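Trainee: Sharing a structure here in structure tokens format.
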Amino acid sequence: MMTTEEQTLNEILTLAAQHFKVSRDKLRPDEDFFKTLNIDSLQALDLLTRLENHFHVEMPDYELQGVTDFRTLASRIQARL
Amino acid sequence: MLDLRQYPSLGAALRDALEHWPNETCLIEADRDKEKTRLTYSDFKELARPLTRALQDADFREGDRAAIIMSNQSKWLVSAYAVFFCGGVLVPLDFKLTAAEHLQLLAHSKAKFLIVEYYLWRAIMQSPEFKKHGVKTVLVTEAPLRADLGGAYRWEDFHRKGDPIFIDRQREDVACIVYSSGTGGSPKGCVLTHENYLEQCTSLTAWYPFWPGVRYLSILPTNHAIDFMVGFIGPFVCGACVVHLRTLRPEYVRDAFVRYRISYMSLVPMVLKNLERGLRAKFDELPSRKRFMLNRLIALNKMLTRRRPNVKLSRRLLGQVHKAFGGQLLALFTGGAFMEPSTLQFFYDLGIPVANGYGLTEAGTALTLNDFKPFRADTVGRPLPGVELRVLSPDSEGVGEVAVHSKTVMSHYLDDPELTAETIVDGWLLTGDLGRFDSTGHLQLFGRKKNMIVTEGGKNIYPEDIETVFDGVSVKEYCVFAANYVWPLKQLGNELLFIVLRLETNQQFDAALLEDLTTRNRRLPDFKRVGGYLVWPKDFPRTASLKIKRATLAEEIGKTTDRAAIIQL
């Protein structure tokens with residue numbers, strides 16, 4: 001069955017919460033995750049690797065360029081599913 | 001190493017390097033854990049030959065400008081070599097800029113040729129300003145088979161048979177135009193000569209030599225001044241090897257150290273901190289007895305290397321740590337942004353020296369560097385050979401503006417004689433950075449006179465460059481400042497941009513305004529965003545031509561308000 005973008009987003013939020021050891025409730029789809037999680041771009045790339053493994057996709061680093069919220073990230077991943 | 005004193009140009013030195021070490025590996029390109037390219041100097045020459053000939057056949061001539069917009073990869077170096085071989089001027093642009101910014105800098109530099117990666121070219125083609133680009137010939141790398149290239153050529157097919165003709169240049173001729181900032185206002189294009197680079201390379205390699213067999217891991221983009229010198233020119237004129245890694249993902253960076261037995265690497269503070277975080281996490285996972293032993297060994301290493309590094313000894317004492325870095329690492333280089341002394345010390349105590357330096361685009365790559373005689377985490381090292389530094393108008397603590405006189409100082413700012421005259425006075429480049437020398441001749445930096453920040457990723461951000469994103473915000477007027485410019489700290493770090501807002505009469509700062517500011521701020525790349533705002537109760541001081549008097553406003557804010565008044569955005 002095709003995964004919807006909303007499902008992808010939810011899975012990303014859960015994985016991000018696990019990865020950065022924060023409560024899932026703290027993460028909002030449209031908020032700036034650099035600010036919410038207090039992370040830098042290398043830590044965001046680390047998360048991307050985890051997401052790639054989970055969704056079985058491969059994304060070049062530049063796909064994350066300019067992405068600051070989980071919803072946009074979900075749409076980039078969804079496009080490759 | 002080639003004797004660079006005998007060379008008039010980068011093109012001549014690089015050409016001879018390819019002849020001198022034909023069988024040595026000069027370039028490896030890896031993407032994650034896959035090796036994509038491995039070239040000897042002879043292979044490199046063969047790869048560059050048809051491209052160079054095709055450039056000449058396409059009327060690329062002596063003094064013509066060619067821009068490169070590419071991430072970290074081997075085609076960057078091959079293309080740059082071809083440009084120098086033709087006697088051209090290289091315009092290395094930061095690939096992380098937006099398409100609109102790329103177009104602005106292409107227009108400003110008057111580049112005749114452009115060599116660009118496909119995904120970046122696609123963004124440029126979609127820009128509303130695209131039709132104005134003015135570049136005569138565009139070469140696009142790695143484009144998919146049936147991609148619309150908008151009239152550009154495929155780099156991989158841009159070949160012509162026959163030998164190209166080498167066009168030499170003189171030392172005083174322009175080699176590169178490098179933009180230090182200014183995409184929002186007037187671009188600051190630093191015009192650097194062949195002499196600037198040849199002298200810089202000579203002084204850097206005097207302290208940190210390369211030789212055949214040495215491998216340099218390149219993760220910074222080659223448009224970055226540090227990587228251009230120590231990830232291209234330096235290794236090539238010494239017969240060494242550059243390993244390009246096309247990802248910044250920490251796990252693959254760590255893997256590359258081991259896989260390619262890396263000798264040197266340059267990095268920005270963000271990457272070094274990431275490595276530190278990874279190591280500390282590993283140390284914390286150790287059982288208490290092993291952790292105790294490790295701490296004892298670190299303490300012993302620290303004691304034995306107090307006066308100078310001894311990498312061989314450290315490798316024996318802390319074998320597991322060094323194994324994780326490939327076992328061949330000689331030093332890491334960092335510069336361009338503030339580096340926490342504690343992080344530098346952390347690595348030094350493990351026997352991994354981090355040569356912390358100081359430089360600016362206007363003066364080539366580096367002006368000072370830590371020479372480890374002894375290691376000083378609290379300074380940016382001593383002036384490199386051939387570099388004269390002065391502290392102008394020092395205060396009671398010896399702190400003043402750092403000025404430099406060196407053959408590495410740029411010729412001028414492109415098309416900006418006024419700014420050039422303000423910046424280079426009687427042969428001395430005024431850096432705008434505040435520093436002092438200690439009794440041992442090490443330079444300590446204490447902030448800057450300039451309204452700008454340097455990010456942990458090593459990028460200079462000027463408020464004027466990001467203000468346009470707030471154009472139209474519903475306030476009477478606004479202005480962006482670097483907090484350390486308004487409230488000088490007398491130390492580096494703690495960098496923050498903030499926006500000062502003057503509201504309309506009777507206007508309240510409400511949720512709609514906050515939302516508007518937040519939305520606009522997020523249109524900027526994360527490293528360019530403002531971190532907070534300040535509502536200012538008075539009209540901004542302005543010149544007769546209605547420009548904001550930034551310095552006056554900053555002084556007034558600094559005198560009457562505390563930095564803590566900035567509200568996080």
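Chain labels A, B, ... are given in the sequence in which chains occur in the structure tokens; within each chain residues are numbered consecutively from 1, and ligands are likewise numbered from 1 in the order shown.
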According to DSSP computed on the backbone, where in region 66-280 of chain B is there alpha helix (DSSP H)? Give the residues as a count of residues only.
Mentor: 75
Trainee: Residues of chain B within 9 Å of chain A, counting only C-alpha atoms - could you list those as a PyMOL selection string?
Mentor: chain B and resi 96+119+246-251+270-271+274+522-526
Trainee: Counting only C-alpha atoms, what is within 7 Å of Arg436 (chain B), bar same-chain residues fewer than 5 positions away, as an mmCIF file with C-alpha atoms, in the first residue's frame?
Mentor:
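Output below, filename selection.cif:
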```cif
data_model
loop_
_atom_site.group_PDB
_atom_site.id
_atom_site.type_symbol
_atom_site.label_atom_id
_atom_site.label_comp_id
_atom_site.auth_asym_id
_atom_site.auth_seq_id
_atom_site.Cartn_x
_atom_site.Cartn_y
_atom_site.Cartn_z
ATOM 1 C CA VAL B 391 48.189 46.208 15.740
ATOM 2 C CA GLY B 398 47.335 46.278 23.655
ATOM 3 C CA VAL B 399 44.219 45.536 21.609
ATOM 4 C CA GLY B 400 43.734 47.305 18.301
ATOM 5 C CA LEU B 443 48.128 36.624 17.894
ATOM 6 C CA GLN B 444 45.013 36.689 20.031
ATOM 7 C CA LEU B 445 41.768 37.911 18.507
#
```
Trainee: Just the residues within 6 Å of region 350-358 of chain B, please, counting only C-alpha atoms, with nothing from its chain fewer than 4 positions along; format it as a tab-separated table (two decimals) with N, CA and C atoms, in the first residue's frame.
Mentor:
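Just written: out.tsv:
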```tsv
chain	number	residue	atom	x	y	z
B	311	VAL	N	53.43	12.98	17.28
B	311	VAL	CA	52.33	12.17	16.77
B	311	VAL	C	52.64	10.68	16.88
B	314	SER	N	52.10	9.61	20.41
B	314	SER	CA	50.66	9.63	20.73
B	314	SER	C	49.96	8.45	20.08
B	331	ALA	N	47.91	16.26	11.08
B	331	ALA	CA	47.31	17.46	11.67
B	331	ALA	C	46.00	17.77	10.99
B	332	LEU	N	45.17	18.51	11.72
B	332	LEU	CA	43.95	19.06	11.15
B	332	LEU	C	44.15	20.58	11.08
B	333	PHE	N	43.56	21.21	10.09
B	333	PHE	CA	43.63	22.67	9.98
B	333	PHE	C	42.24	23.25	10.20
B	334	THR	N	42.20	24.33	10.92
B	334	THR	CA	40.92	25.01	11.05
B	334	THR	C	41.16	26.52	11.07
B	335	GLY	N	40.16	27.23	10.64
B	335	GLY	CA	40.28	28.68	10.61
B	335	GLY	C	39.02	29.26	10.02
B	366	ALA	N	45.73	32.22	4.67
B	366	ALA	CA	46.05	32.31	6.10
B	366	ALA	C	47.13	33.36	6.33
B	367	LEU	N	46.99	34.07	7.42
B	367	LEU	CA	48.00	35.04	7.81
B	367	LEU	C	48.79	34.52	9.00
B	368	THR	N	48.09	33.85	9.90
B	368	THR	CA	48.76	33.25	11.06
B	368	THR	C	48.34	31.79	11.16
B	369	LEU	N	49.16	31.02	11.83
B	369	LEU	CA	48.84	29.62	12.02
B	369	LEU	C	49.58	29.13	13.27
B	370	ASN	N	48.97	28.20	13.96
B	370	ASN	CA	49.62	27.61	15.12
B	370	ASN	C	50.78	26.75	14.66
B	380	VAL	N	45.54	32.35	17.67
B	380	VAL	CA	45.42	31.86	16.29
B	380	VAL	C	46.82	31.68	15.68
```
Trainee: What lies within 12 Å of Asp562 (chain B) using only C-alpha atoms, ignoring chain neighbours under 3 positions off, as number ranges by chain?
Mentor: B: 483-484, 486-488, 534, 554-559, 565-567
Trainee: What is the distance between CA of Leu569 (chain B) and CA of Gly531 (chain B), in Å to one decimal?
Mentor: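 We find that CA of Leu569 (chain B) and CA of Gly531 (chain B) lie 5.5 Å from each other.
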Trainee: Would you compute the distance between CA of Glu388 (chain B) and CA of Asp94 (chain B)? Give it in Å to one decimal.
Mentor: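 We find that CA of Glu388 (chain B) and CA of Asp94 (chain B) lie 29.2 Å from each other.
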Trainee: Would you list the contacts of Ala12 (chain B) as a list in words, taking every protein, DNA or RNA residue within 8 Å and counting only C-alpha atoms, but skipping same-chain residues closer than 4 positions in sequence?
Mentor: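 Residues meeting the cut-off are Tyr7, Pro8, Asp16, Phe85 and Asp168 of chain B.
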Trainee: Could those residues be written to a file, using C-alpha atoms, as a CSV table (one decimal), in the first residue's frame?
Mentor:
```csv
chain,number,residue,atom,x,y,z
B,7,TYR,CA,57.1,30.1,-11.5
B,8,PRO,CA,55.2,33.1,-12.9
B,16,ASP,CA,54.7,21.1,-14.4
B,85,PHE,CA,46.1,26.5,-18.6
B,168,ASP,CA,51.3,31.8,-19.4
```
Trainee: Using only C-alpha atoms, which of the listed residues (B:Thr468, B:Gln200, B:Ser9, B:Asn451) sits closest to Asn521 (chain B)?
Mentor: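 Nearest candidate to Asn521 (chain B) out of B:Thr468, B:Gln200, B:Ser9, B:Asn451: B:Thr468.
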Trainee: With distances taken over only C-alpha atoms, which of A:Gln18, A:Thr36, A:Ser23, A:Thr8 is nearest to Glu52 (chain A)?
Mentor: A:Thr8
Trainee: Report, in Å with one decimal, the straight-line distance from CA of Leu429 (chain B) to CA of Leu267 (chain B).
Mentor: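 Atom-to-atom, CA of Leu429 (chain B) to CA of Leu267 (chain B), that is 25.7 Å.
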Trainee: For a quick check of understanding, using only C-alpha atoms, which of B:Leu90, B:Ala240, B:Leu192, B:Ile226 has the smallest distance to Leu114 (chain B)?
Mentor: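 Ranked by minimum distance to Leu114 (chain B), first place goes to B:Leu90.
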Trainee: Restricting the calculation to only C-alpha atoms, which member of B:Phe292, B:Tyr197, B:Tyr533, B:Trp21 is positioned closest to Arg5 (chain B)?
Mentor: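 Checking each candidate against Arg5 (chain B), we get B:Tyr197 as the closest.
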Trainee: For region 300-304 of chain B, please output as a compact mmCIF listing (two decimals) with C-alpha atoms, in the first residue's frame all residues within 10 Å (counting only C-alpha atoms; exclusion window: fewer than 4 positions along the same chain).
Mentor:
```
# COMPACT_ATOMS: atom_id res chain seq x y z
CA LEU B 294 42.01 5.98 28.78
CA ASN B 295 42.00 9.01 31.03
CA ARG B 296 45.38 7.99 32.44
CA ARG B 308 55.57 20.03 21.15
CA PRO B 309 53.41 17.38 19.47
CA ASN B 310 54.82 13.92 19.01
CA VAL B 311 52.33 12.17 16.77
CA LEU B 313 54.34 8.69 20.46
CA SER B 314 50.66 9.63 20.73
CA ARG B 315 49.77 6.92 18.22
CA ARG B 316 51.47 4.36 20.47
CA LEU B 317 49.84 5.64 23.64
CA LEU B 318 46.37 6.15 22.26
CA GLN B 345 42.78 21.29 23.59
CA PHE B 346 40.64 18.13 23.57
CA TYR B 348 45.70 18.09 21.23
CA ASP B 349 45.49 16.02 24.41
CA LEU B 350 44.65 13.02 22.25
CA GLY B 351 47.75 13.66 20.13
```
